[in-house]
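Trainee: Following this message is one structure expressed as structure tokens.
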2 protein chains.
Amino acid sequence: MATIQDVARAAGVSPMTVSHVINDHPHVRAETRERVLRAIDELDYRVNVAARNLRTGRTGTIGLAVPEIDRPYYGQLAARIIEAAAGHGLRVAIEQTGASREGELAALALSRNRLYDGLILSTVGLGPADTDLLKVDFPVVILGERIFDGPVDHVAMPNVEGARAATAHLIERGCRRVAVVDGPQRGEVDVSSLRHDGYREALREAGLPFDPGLVASVDALTMETGAAAARRLAGSGVAFDGVFCVTDTVAMGVLRGLADRGLRVPHDVKVIGFDNIAECAYSVPSLSSIDPDHALMASTAVGFLARRIAEKGPGRQAPREFVSRFSVVARESTGG
Amino acid sequence: MATIQDVARAAGVSPMTVSHVINDHPHVRAETRERVLRAIDELDYRVNVAARNLRTGRTGTIGLAVPEIDRPYYGQLAARIIEAAAGHGLRVAIEQTGASREGELAALALSRNRLYDGLILSTVGLGPADTDLLKVDFPVVILGERIFDGPVDHVAMPNVEGARAATAHLIERGCRRVAVVDGPQRGEVDVSSLRHDGYREALREAGLPFDPGLVASVDALTMETGAAAARRLAGSGVAFDGVFCVTDTVAMGVLRGLADRGLRVPHDVKVIGFDNIAECAYSVPSLSSIDPDHALMASTAVGFLARRIAEKGPGRQAPREFVSRFSVVARESTGG
DNA sequence: AACGGGATTTGTAACGTTACATGCCGAGCG
DNA sequence: CGCTCGGCATGTAACGTTACAAATCCCGTT
């Protein structure tokens, strides 16, 4: 494999000149540049990224740590992050954390090995108790739940507000017995807790009582557990005419579970999810949801990270925080 | 940031000994190892991956190039590849090719920059005409369609056979007018062409005529185009009682499109997809599909790549090829 | 007590690149 | 005519790690 030295020799210039050409530095005569480019082409020269990384201390790659890349929400998030990162000349490597605290810490550790220039961490397992662990001398952006006053940049969803709006939407459409399907509530700032809070707020605002019998908690936010939860609800004898699901993925399962029990959506039960994943528009019935503007979140997260990466020295800026906006997308599952 | 030198000084040993400890080399006295580990801990030392990469010529990362990571099929594939790679001590960086020939070539180029130790390329855009471009001195595994006699390792799906079985399944269930929704057919070896061929074979075997009016081609295999195709079919006046969709994603759209036209599945029309993505089991109605054993494909692809990476020198082995097995998974959409 | 030999430890020399400083050259200016 | 200056090109010296070979240690043997 040709090195920069080989190219220099072939072009009759110094390695430095070749380096300048490669990196588009100024002060290279057009004719010289041509000669170098020709040599590069002839020798099929490829820059050795490892050597460049070592020398510059930058890798041009950021890490994206998500629980599981095969969940639609994270897949769609990843796609948008990859796009946004490309706009900054950055590549994205994906780490799966398995939705565990350990996995998230492992991703952090890898980054600290200088494998990545920065890390976007979609937290699920880390809680406020772990803020110390995030005090790393390394660009990190937390994406997802809000860890108040964390030491790092943060791009969050309007979880409480969105959940409140979702529940309120069901109530507006006539539901009076609104169930909720939520997931593990480990601390106070995970998706399930925050969205559950929003649900409670909406009930309170509407003057509806909170009935624990209408809460179905699952231990992982998947279609499978969603379907099981819906069947459990339907079989429990508790009357309900609406279901707020804390994520669309779980809602897809709920739609399935309700169908299993012969309940028609939206006729018998109305359903709304959260995240507005692409699948919402195509399920039967199509699923109403809360759209937290993923594209904006993704580009903001990458923007935050890019700025951190660019910032040098110890003069660190204060952590930034961004909470996305949201909108209610009404579809068939809350129609009729 | 501490270097191996700092650790060596702190532990009172040479940098080499530290290196040996880090890399679990034998011949380090237990007591020395302890001392080094303690120093590593105290200094919070992290190996500099870039330096290691440069020295060893390996990065420990493989690339995975897929059209779009937010399509369920690729997300689920990626998850399995990441798992399988972890078993070989490899990380995975994901590149999106946008389902284009250019994107696939770009991924190849990156790999050649020594960014990755190897590349798993899920081809869509590259055809047999591009086999020359794959003649790279670099570990590559093609995942997906079969490029016959290509110069690289190949893990393929039983496309023709699976499609034939899917169509035959519809016929067995009583369909006599089976439509097909396929995608762009660029060459002879893309998903759509191969699966379309399987469809034709099944018709022939059953003695059913091929009717061009029953072919709905879309220009991208998405839910959106699938829904549109189904609506088009339903509105065309052509009678049909079954639909074979070349991918599950497109089938999800078809289910939606049929619902839009008031057609009931499976009562009026039976539907089957291909890939057996996780969503199949949860759609309403649940979707019958062809399961090509993704986990096996993923682990085989990673295994092939790992062996290539390990193999040294010019004594390259002949390209390997693996065609996965498949099974028909019957669900509601072909029941009744 | 000297010796052989495996276990343990160390020195040397890159890996390929770029930051930084410096050198060179011709043109314009006083 | 000498001097400065800007455009262009180059030399030097790492970046932090590990392959390789060689040195040293320690133990049981003879």
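Residue numbering restarts at 1 in every chain; chains get A, B, ... in the order shown in the structure tokens, and ligands count up from 1 in that same order.
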Can you tell me, as a tab-separated table (two decimals) with N, CA and C atoms (P, O5', C5', C4', C3', O3' and C1' of nucleotides), in the first residue's frame, what residues are no more than 10 Å from DC8 in chain D when counting only C-alpha atoms (C1' of nucleotides), ignoring any on the same chain fewer than 5 positions away?
Mentor:
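Listing of out33.tsv after writing:
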```tsv
chain	number	residue	atom	x	y	z
A	17	THR	N	4.28	18.55	1.06
A	17	THR	CA	3.48	19.11	-0.02
A	17	THR	C	2.31	18.20	-0.35
A	26	PRO	N	-3.80	25.87	1.56
A	26	PRO	CA	-3.48	26.85	0.51
A	26	PRO	C	-1.97	26.81	0.23
A	27	HIS	N	-1.53	27.68	-0.59
A	27	HIS	CA	-0.10	27.80	-0.88
A	27	HIS	C	0.46	26.57	-1.56
A	28	VAL	N	-0.30	26.02	-2.47
A	28	VAL	CA	0.27	24.97	-3.32
A	28	VAL	C	-0.02	25.42	-4.75
A	29	ARG	N	1.02	25.50	-5.53
A	29	ARG	CA	0.83	25.96	-6.89
A	29	ARG	C	-0.06	24.97	-7.65
C	24	DC	P	17.83	27.92	2.01
C	24	DC	O5'	16.98	28.28	0.72
C	24	DC	C5'	16.19	27.25	0.10
C	24	DC	C4'	15.18	27.92	-0.79
C	24	DC	C3'	15.77	29.03	-1.68
C	24	DC	O3'	15.59	28.63	-3.02
C	24	DC	C1'	13.71	29.69	-0.70
C	25	DC	P	16.47	29.31	-4.20
C	25	DC	O5'	15.39	30.18	-4.96
C	25	DC	C5'	14.11	29.60	-5.29
C	25	DC	C4'	13.14	30.73	-5.56
C	25	DC	C3'	13.79	31.92	-6.28
C	25	DC	O3'	13.17	32.08	-7.54
C	25	DC	C1'	12.42	32.62	-4.46
```
Trainee: Would you list, as a list in words, the residues of range 240-273 of chain B that end up in strand (DSSP E) under DSSP run on this structure's backbone?
Mentor: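 Going through range 240-273 of chain B, the strand (DSSP E) residues come out as Gly242, Val243, Phe244, Cys245, Lys270, Val271 and Ile272 of chain B.
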Trainee: Residues of chain A that approach chain C to 9 Å or less, counting only C-alpha atoms (C1' of nucleotides): could you list each one with the shortest pair of atoms and its distance in Å to one decimal, rows by chain and increasing residue number, as CSV?
Mentor:
```
residue,atom,partner,partner_atom,distance
A:Thr3,CA,C:DG16,C1',6.9
A:Ile4,CA,C:DG16,C1',7.4
A:Gln5,CA,C:DG16,C1',8.6
A:Met16,CA,C:DT18,C1',7.9
A:Ser19,CA,C:DT18,C1',7.5
A:Val47,CA,C:DG16,C1',8.5
A:Asn48,CA,C:DG16,C1',6.7
A:Val49,CA,C:DT17,C1',8.6
A:Ala50,CA,C:DG16,C1',8.2
A:Ala51,CA,C:DT17,C1',5.0
A:Arg52,CA,C:DT17,C1',4.9
A:Asn53,CA,C:DT17,C1',8.2
A:Leu54,CA,C:DT17,C1',7.8
A:Arg55,CA,C:DT17,C1',6.0
A:Thr56,CA,C:DT18,C1',7.0
```
Trainee: Store the residues of this selection in a file with N, CA and C atoms, as a PDB file, in the first residue's frame.
Mentor:
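Produced file out-v2.pdb, reproduced below:
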```
ATOM      1  N   THR A   3       2.358   4.910   0.530  1.00  0.00           N
ATOM      2  CA  THR A   3       2.301   5.900   1.597  1.00  0.00           C
ATOM      3  C   THR A   3       2.508   7.279   0.997  1.00  0.00           C
ATOM      4  N   ILE A   4       2.411   8.242   1.858  1.00  0.00           N
ATOM      5  CA  ILE A   4       2.565   9.622   1.421  1.00  0.00           C
ATOM      6  C   ILE A   4       3.983   9.837   0.890  1.00  0.00           C
ATOM      7  N   GLN A   5       4.891   9.075   1.421  1.00  0.00           N
ATOM      8  CA  GLN A   5       6.284   9.143   0.972  1.00  0.00           C
ATOM      9  C   GLN A   5       6.406   8.709  -0.487  1.00  0.00           C
ATOM     10  N   MET A  16       5.434  16.714   2.784  1.00  0.00           N
ATOM     11  CA  MET A  16       4.606  17.796   3.304  1.00  0.00           C
ATOM     12  C   MET A  16       3.706  18.394   2.228  1.00  0.00           C
ATOM     13  N   SER A  19       0.889  16.237   1.706  1.00  0.00           N
ATOM     14  CA  SER A  19      -0.050  16.409   2.805  1.00  0.00           C
ATOM     15  C   SER A  19      -0.902  17.658   2.579  1.00  0.00           C
ATOM     16  N   VAL A  47      -5.050   7.673   2.139  1.00  0.00           N
ATOM     17  CA  VAL A  47      -4.470   8.113   3.395  1.00  0.00           C
ATOM     18  C   VAL A  47      -4.736   7.076   4.464  1.00  0.00           C
ATOM     19  N   ASN A  48      -3.770   6.904   5.298  1.00  0.00           N
ATOM     20  CA  ASN A  48      -3.891   5.972   6.413  1.00  0.00           C
ATOM     21  C   ASN A  48      -4.531   6.722   7.574  1.00  0.00           C
ATOM     22  N   VAL A  49      -5.785   6.395   7.779  1.00  0.00           N
ATOM     23  CA  VAL A  49      -6.563   7.141   8.765  1.00  0.00           C
ATOM     24  C   VAL A  49      -5.979   6.996  10.171  1.00  0.00           C
ATOM     25  N   ALA A  50      -5.457   5.824  10.457  1.00  0.00           N
ATOM     26  CA  ALA A  50      -4.918   5.603  11.804  1.00  0.00           C
ATOM     27  C   ALA A  50      -3.757   6.556  12.070  1.00  0.00           C
ATOM     28  N   ALA A  51      -2.893   6.688  11.121  1.00  0.00           N
ATOM     29  CA  ALA A  51      -1.738   7.573  11.300  1.00  0.00           C
ATOM     30  C   ALA A  51      -2.211   9.015  11.458  1.00  0.00           C
ATOM     31  N   ARG A  52      -3.159   9.376  10.652  1.00  0.00           N
ATOM     32  CA  ARG A  52      -3.672  10.742  10.747  1.00  0.00           C
ATOM     33  C   ARG A  52      -4.315  10.972  12.114  1.00  0.00           C
ATOM     34  N   ASN A  53      -5.081   9.980  12.559  1.00  0.00           N
ATOM     35  CA  ASN A  53      -5.727  10.103  13.862  1.00  0.00           C
ATOM     36  C   ASN A  53      -4.701  10.317  14.960  1.00  0.00           C
ATOM     37  N   LEU A  54      -3.666   9.518  14.890  1.00  0.00           N
ATOM     38  CA  LEU A  54      -2.653   9.590  15.933  1.00  0.00           C
ATOM     39  C   LEU A  54      -2.046  10.987  15.951  1.00  0.00           C
ATOM     40  N   ARG A  55      -1.717  11.448  14.768  1.00  0.00           N
ATOM     41  CA  ARG A  55      -1.048  12.741  14.686  1.00  0.00           C
ATOM     42  C   ARG A  55      -1.975  13.896  15.080  1.00  0.00           C
ATOM     43  N   THR A  56      -3.189  13.875  14.579  1.00  0.00           N
ATOM     44  CA  THR A  56      -4.071  15.013  14.822  1.00  0.00           C
ATOM     45  C   THR A  56      -4.868  14.903  16.110  1.00  0.00           C
TER      46      THR A  56
END
```
Trainee: Show me which bits of chain D are within 10 Å of chain B, counting only C-alpha atoms (C1' of nucleotides), as an mmCIF file with C-alpha atoms (C1' of nucleotides), in the first residue's frame.
Mentor:
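Contents of the output file iface-v2.cif:
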```cif
data_model
loop_
_atom_site.group_PDB
_atom_site.id
_atom_site.type_symbol
_atom_site.label_atom_id
_atom_site.label_comp_id
_atom_site.auth_asym_id
_atom_site.auth_seq_id
_atom_site.Cartn_x
_atom_site.Cartn_y
_atom_site.Cartn_z
ATOM 1 C "C1'" DC D 15 1.829 11.488 18.104
ATOM 2 C "C1'" DG D 16 1.595 6.555 21.524
ATOM 3 C "C1'" DT D 17 1.831 2.166 20.591
ATOM 4 C "C1'" DT D 18 3.782 -2.672 19.756
ATOM 5 C "C1'" DA D 19 6.974 -6.278 16.929
#
```
Trainee: Hey, which of A:Ala93, A:Ala30, A:Val124, A:Leu77 ends up closest to chain B? Count only C-alpha atoms.
Mentor: A:Ala93
Trainee: Produce a table with one row for each residue of chain A that has an atom at most 7 Å from any atom of chain B, each row naming the nearest atom pair and its distance in Å at one decimal; use only C-alpha atoms; arrange rows by chain and rising residue number; format as JSON lines.
Mentor:
```
{"residue": "A:Arg46", "atom": "CA", "partner": "B:Asn113", "partner_atom": "CA", "distance": 5.4}
{"residue": "A:Val47", "atom": "CA", "partner": "B:Asn113", "partner_atom": "CA", "distance": 5.8}
{"residue": "A:Asn48", "atom": "CA", "partner": "B:Asn113", "partner_atom": "CA", "distance": 5.7}
{"residue": "A:Val49", "atom": "CA", "partner": "B:Leu115", "partner_atom": "CA", "distance": 6.0}
{"residue": "A:Ala50", "atom": "CA", "partner": "B:Leu54", "partner_atom": "CA", "distance": 5.1}
{"residue": "A:Ala51", "atom": "CA", "partner": "B:Leu54", "partner_atom": "CA", "distance": 5.4}
{"residue": "A:Asn53", "atom": "CA", "partner": "B:Ala50", "partner_atom": "CA", "distance": 5.7}
{"residue": "A:Leu54", "atom": "CA", "partner": "B:Ala50", "partner_atom": "CA", "distance": 5.1}
{"residue": "A:Ile69", "atom": "CA", "partner": "B:Gly75", "partner_atom": "CA", "distance": 5.8}
{"residue": "A:Asp70", "atom": "CA", "partner": "B:Gly75", "partner_atom": "CA", "distance": 4.4}
{"residue": "A:Pro72", "atom": "CA", "partner": "B:Pro72", "partner_atom": "CA", "distance": 6.4}
{"residue": "A:Gly75", "atom": "CA", "partner": "B:Asp70", "partner_atom": "CA", "distance": 4.4}
{"residue": "A:Gln76", "atom": "CA", "partner": "B:Asp70", "partner_atom": "CA", "distance": 4.5}
{"residue": "A:Ala79", "atom": "CA", "partner": "B:Asp70", "partner_atom": "CA", "distance": 5.8}
{"residue": "A:Val92", "atom": "CA", "partner": "B:Ala93", "partner_atom": "CA", "distance": 6.6}
{"residue": "A:Ala93", "atom": "CA", "partner": "B:Ala93", "partner_atom": "CA", "distance": 4.1}
{"residue": "A:Ile94", "atom": "CA", "partner": "B:Ala93", "partner_atom": "CA", "distance": 5.8}
{"residue": "A:Asn113", "atom": "CA", "partner": "B:Arg46", "partner_atom": "CA", "distance": 5.4}
{"residue": "A:Arg114", "atom": "CA", "partner": "B:Asn48", "partner_atom": "CA", "distance": 6.0}
{"residue": "A:Leu115", "atom": "CA", "partner": "B:Val49", "partner_atom": "CA", "distance": 6.0}
{"residue": "A:Met223", "atom": "CA", "partner": "B:Tyr282", "partner_atom": "CA", "distance": 6.9}
{"residue": "A:Met252", "atom": "CA", "partner": "B:Tyr282", "partner_atom": "CA", "distance": 6.9}
{"residue": "A:Gly253", "atom": "CA", "partner": "B:Tyr282", "partner_atom": "CA", "distance": 6.0}
{"residue": "A:Arg256", "atom": "CA", "partner": "B:Tyr282", "partner_atom": "CA", "distance": 5.6}
{"residue": "A:Tyr282", "atom": "CA", "partner": "B:Arg256", "partner_atom": "CA", "distance": 5.6}
{"residue": "A:Ser283", "atom": "CA", "partner": "B:Arg256", "partner_atom": "CA", "distance": 6.4}
{"residue": "A:Val284", "atom": "CA", "partner": "B:Val284", "partner_atom": "CA", "distance": 6.0}
```
Trainee: Can those selected residues be exported to a file as a compact mmCIF listing (two decimals), in the first residue's frame so that it contains N, CA and C atoms?
Mentor:
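File written: selection-v9.txt
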```txt
# COMPACT_ATOMS: atom_id res chain seq x y z
N ARG A 46 -4.00 5.89 -0.63
CA ARG A 46 -5.10 6.11 0.31
C ARG A 46 -4.50 6.62 1.60
N VAL A 47 -5.05 7.67 2.14
CA VAL A 47 -4.47 8.11 3.40
C VAL A 47 -4.74 7.08 4.46
N ASN A 48 -3.77 6.90 5.30
CA ASN A 48 -3.89 5.97 6.41
C ASN A 48 -4.53 6.72 7.57
N VAL A 49 -5.78 6.40 7.78
CA VAL A 49 -6.56 7.14 8.76
C VAL A 49 -5.98 7.00 10.17
N ALA A 50 -5.46 5.82 10.46
CA ALA A 50 -4.92 5.60 11.80
C ALA A 50 -3.76 6.56 12.07
N ALA A 51 -2.89 6.69 11.12
CA ALA A 51 -1.74 7.57 11.30
C ALA A 51 -2.21 9.01 11.46
N ASN A 53 -5.08 9.98 12.56
CA ASN A 53 -5.73 10.10 13.86
C ASN A 53 -4.70 10.32 14.96
N LEU A 54 -3.67 9.52 14.89
CA LEU A 54 -2.65 9.59 15.93
C LEU A 54 -2.05 10.99 15.95
N ILE A 69 -30.51 -1.06 18.11
CA ILE A 69 -30.65 -0.41 16.82
C ILE A 69 -31.81 -0.98 16.01
N ASP A 70 -32.31 -2.13 16.42
CA ASP A 70 -33.40 -2.72 15.64
C ASP A 70 -34.78 -2.27 16.12
N PRO A 72 -37.51 0.47 15.87
CA PRO A 72 -37.74 1.49 14.83
C PRO A 72 -37.33 2.89 15.29
N GLY A 75 -33.63 3.21 15.13
CA GLY A 75 -33.16 3.14 13.75
C GLY A 75 -33.40 4.45 13.04
N GLN A 76 -34.58 5.00 13.25
CA GLN A 76 -34.90 6.25 12.58
C GLN A 76 -34.10 7.41 13.15
N ALA A 79 -30.58 7.10 11.69
CA ALA A 79 -30.50 7.56 10.31
C ALA A 79 -30.38 9.07 10.26
N VAL A 92 -20.36 8.05 11.81
CA VAL A 92 -21.02 7.61 13.04
C VAL A 92 -20.81 6.11 13.24
N ALA A 93 -20.35 5.75 14.39
CA ALA A 93 -20.27 4.33 14.74
C ALA A 93 -21.34 4.07 15.78
N ILE A 94 -22.05 2.98 15.62
CA ILE A 94 -23.17 2.71 16.51
C ILE A 94 -22.81 1.66 17.55
N ASN A 113 -11.36 6.09 25.12
CA ASN A 113 -10.18 5.49 24.51
C ASN A 113 -9.78 6.26 23.25
N ARG A 114 -10.41 7.37 23.05
CA ARG A 114 -10.11 8.18 21.88
C ARG A 114 -10.51 7.48 20.59
N LEU A 115 -11.47 6.60 20.72
CA LEU A 115 -11.94 5.94 19.51
C LEU A 115 -12.81 6.91 18.73
N MET A 223 -42.97 -4.47 21.18
CA MET A 223 -44.28 -4.84 20.65
C MET A 223 -44.83 -6.03 21.42
N MET A 252 -47.84 -0.30 18.96
CA MET A 252 -48.06 -1.26 17.88
C MET A 252 -48.46 -2.61 18.47
N GLY A 253 -47.79 -2.97 19.54
CA GLY A 253 -48.13 -4.21 20.22
C GLY A 253 -49.52 -4.13 20.83
N ARG A 256 -52.16 -4.71 18.36
CA ARG A 256 -52.22 -6.15 18.10
C ARG A 256 -52.97 -6.87 19.22
N TYR A 282 -48.78 3.70 8.76
CA TYR A 282 -49.12 2.55 7.93
C TYR A 282 -49.77 1.39 8.66
N SER A 283 -49.83 1.48 9.97
CA SER A 283 -50.48 0.39 10.67
C SER A 283 -51.98 0.45 10.38
N VAL A 284 -52.67 -0.64 10.68
CA VAL A 284 -54.11 -0.67 10.49
C VAL A 284 -54.75 -0.93 11.84
```
Trainee: Give the alpha helix (DSSP H) residues of range 53-228 of chain B, as DSSP finds them on the backbone, and put them as a VMD selection string.
Mentor: chain B and resid 53 to 56 72 to 87 101 to 110 159 to 172 191 to 206 223 to 228
Trainee: For range 148-158 of chain A, find every residue with an atom within 9 Å (counting only C-alpha atoms (C1' of nucleotides)), except residues of its own chain fewer than 4 positions away, and show them as JSON, numbers by chain.
Mentor: {"A": [128, 131, 132, 134, 135, 136, 139, 140, 141, 142, 143, 144, 162, 163, 189, 292, 293, 297, 298, 300, 301, 304, 305, 318, 319, 320, 321, 322, 323, 324, 325, 326]}
Trainee: With N, CA and C atoms retained, export the selected residues as a compact mmCIF listing (two decimals), in the first residue's frame.
Mentor:
```txt
# COMPACT_ATOMS: atom_id res chain seq x y z
N PRO A 128 -29.92 10.18 37.38
CA PRO A 128 -29.32 11.36 38.00
C PRO A 128 -28.17 10.99 38.94
N THR A 131 -24.62 11.22 37.41
CA THR A 131 -24.10 12.42 36.75
C THR A 131 -22.60 12.54 36.88
N ASP A 132 -22.07 12.04 38.01
CA ASP A 132 -20.63 12.13 38.19
C ASP A 132 -19.88 11.40 37.09
N LEU A 134 -20.57 11.18 34.20
CA LEU A 134 -20.59 11.92 32.93
C LEU A 134 -19.63 13.09 32.96
N LYS A 135 -19.04 13.30 34.09
CA LYS A 135 -18.09 14.42 34.18
C LYS A 135 -16.77 14.01 33.54
N VAL A 136 -16.84 13.73 32.27
CA VAL A 136 -15.64 13.30 31.59
C VAL A 136 -15.10 14.45 30.76
N PRO A 139 -16.18 15.24 24.77
CA PRO A 139 -17.48 15.74 24.30
C PRO A 139 -18.57 14.67 24.35
N VAL A 140 -19.58 14.93 25.12
CA VAL A 140 -20.71 14.01 25.24
C VAL A 140 -22.00 14.80 25.14
N VAL A 141 -22.94 14.26 24.42
CA VAL A 141 -24.28 14.86 24.40
C VAL A 141 -25.26 13.77 24.80
N ILE A 142 -26.09 14.08 25.77
CA ILE A 142 -27.12 13.14 26.18
C ILE A 142 -28.36 13.42 25.35
N LEU A 143 -28.92 12.35 24.82
CA LEU A 143 -30.08 12.51 23.95
C LEU A 143 -31.22 11.71 24.54
N GLY A 144 -32.28 12.39 24.89
CA GLY A 144 -33.41 11.65 25.43
C GLY A 144 -33.90 12.31 26.68
N GLY A 162 -45.65 16.33 26.15
CA GLY A 162 -46.16 15.51 25.06
C GLY A 162 -47.15 14.48 25.56
N ALA A 163 -46.81 13.85 26.68
CA ALA A 163 -47.69 12.82 27.23
C ALA A 163 -49.01 13.43 27.68
N VAL A 189 -36.37 10.22 35.92
CA VAL A 189 -36.19 10.94 34.67
C VAL A 189 -36.19 10.03 33.44
N PRO A 292 -42.11 14.45 18.19
CA PRO A 292 -41.17 15.34 18.87
C PRO A 292 -40.12 15.92 17.94
N ASP A 293 -40.38 15.92 16.68
CA ASP A 293 -39.45 16.48 15.70
C ASP A 293 -38.04 15.90 15.81
N MET A 297 -34.13 17.28 16.69
CA MET A 297 -33.36 16.76 17.81
C MET A 297 -32.02 16.22 17.34
N ALA A 298 -32.06 15.48 16.25
CA ALA A 298 -30.82 14.87 15.75
C ALA A 298 -29.83 15.96 15.34
N THR A 300 -29.71 19.03 16.26
CA THR A 300 -29.27 19.80 17.41
C THR A 300 -28.21 19.04 18.19
N ALA A 301 -28.46 17.76 18.38
CA ALA A 301 -27.50 16.94 19.13
C ALA A 301 -26.15 16.93 18.44
N PHE A 304 -24.49 20.36 18.80
CA PHE A 304 -23.89 20.52 20.13
C PHE A 304 -22.55 19.80 20.19
N LEU A 305 -22.58 18.58 19.72
CA LEU A 305 -21.37 17.77 19.81
C LEU A 305 -20.25 18.36 18.97
N ALA A 318 -20.46 26.40 29.41
CA ALA A 318 -21.44 25.76 30.28
C ALA A 318 -22.29 24.79 29.46
N PRO A 319 -22.79 23.74 30.10
CA PRO A 319 -23.62 22.77 29.40
C PRO A 319 -24.85 23.44 28.79
N ARG A 320 -25.14 23.04 27.59
CA ARG A 320 -26.32 23.56 26.92
C ARG A 320 -27.46 22.58 27.08
N GLU A 321 -28.65 23.08 26.98
CA GLU A 321 -29.79 22.17 27.03
C GLU A 321 -30.81 22.59 25.99
N PHE A 322 -31.38 21.61 25.33
CA PHE A 322 -32.39 21.91 24.33
C PHE A 322 -33.56 20.95 24.48
N VAL A 323 -34.73 21.50 24.60
CA VAL A 323 -35.92 20.65 24.67
C VAL A 323 -36.69 20.85 23.38
N SER A 324 -36.92 19.77 22.68
CA SER A 324 -37.56 19.86 21.37
C SER A 324 -39.03 20.28 21.51
N ARG A 325 -39.58 20.69 20.42
CA ARG A 325 -41.01 21.01 20.41
C ARG A 325 -41.75 19.72 20.04
N PHE A 326 -43.06 19.75 20.08
CA PHE A 326 -43.80 18.55 19.69
C PHE A 326 -45.12 18.95 19.06
```
Trainee: Choose the residue, out of A:Leu221, A:Ala229, A:Cys175, A:Ala306, that has the smallest atom-to-atom separation from Gly336 in chain A; count only C-alpha atoms.
Mentor: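 Smallest distance to Gly336 in chain A is found for A:Cys175.
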Trainee: Tell me which protein, DNA and RNA residues are within 6 Å of range 234-245 of chain A, counting only C-alpha atoms (C1' of nucleotides), leaving out same-chain ones fewer than 2 positions away, and put them as a list in words.
Mentor: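 Counting only C-alpha atoms (C1' of nucleotides), the residues come to Cys175, Arg177, Val178, Ala179, Val180, Val181, Arg231, Arg232, Thr247, Ala251, Val269, Lys270, Val271, Ile272 and Gly273 of chain A.
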Trainee: Within 7 Å of Ala220 in chain A, counting only C-alpha atoms (C1' of nucleotides), which residues qualify if same-chain residues fewer than 4 places away don't, as a list in words?
Mentor: Gly183, Pro184 and Thr225 of chain A
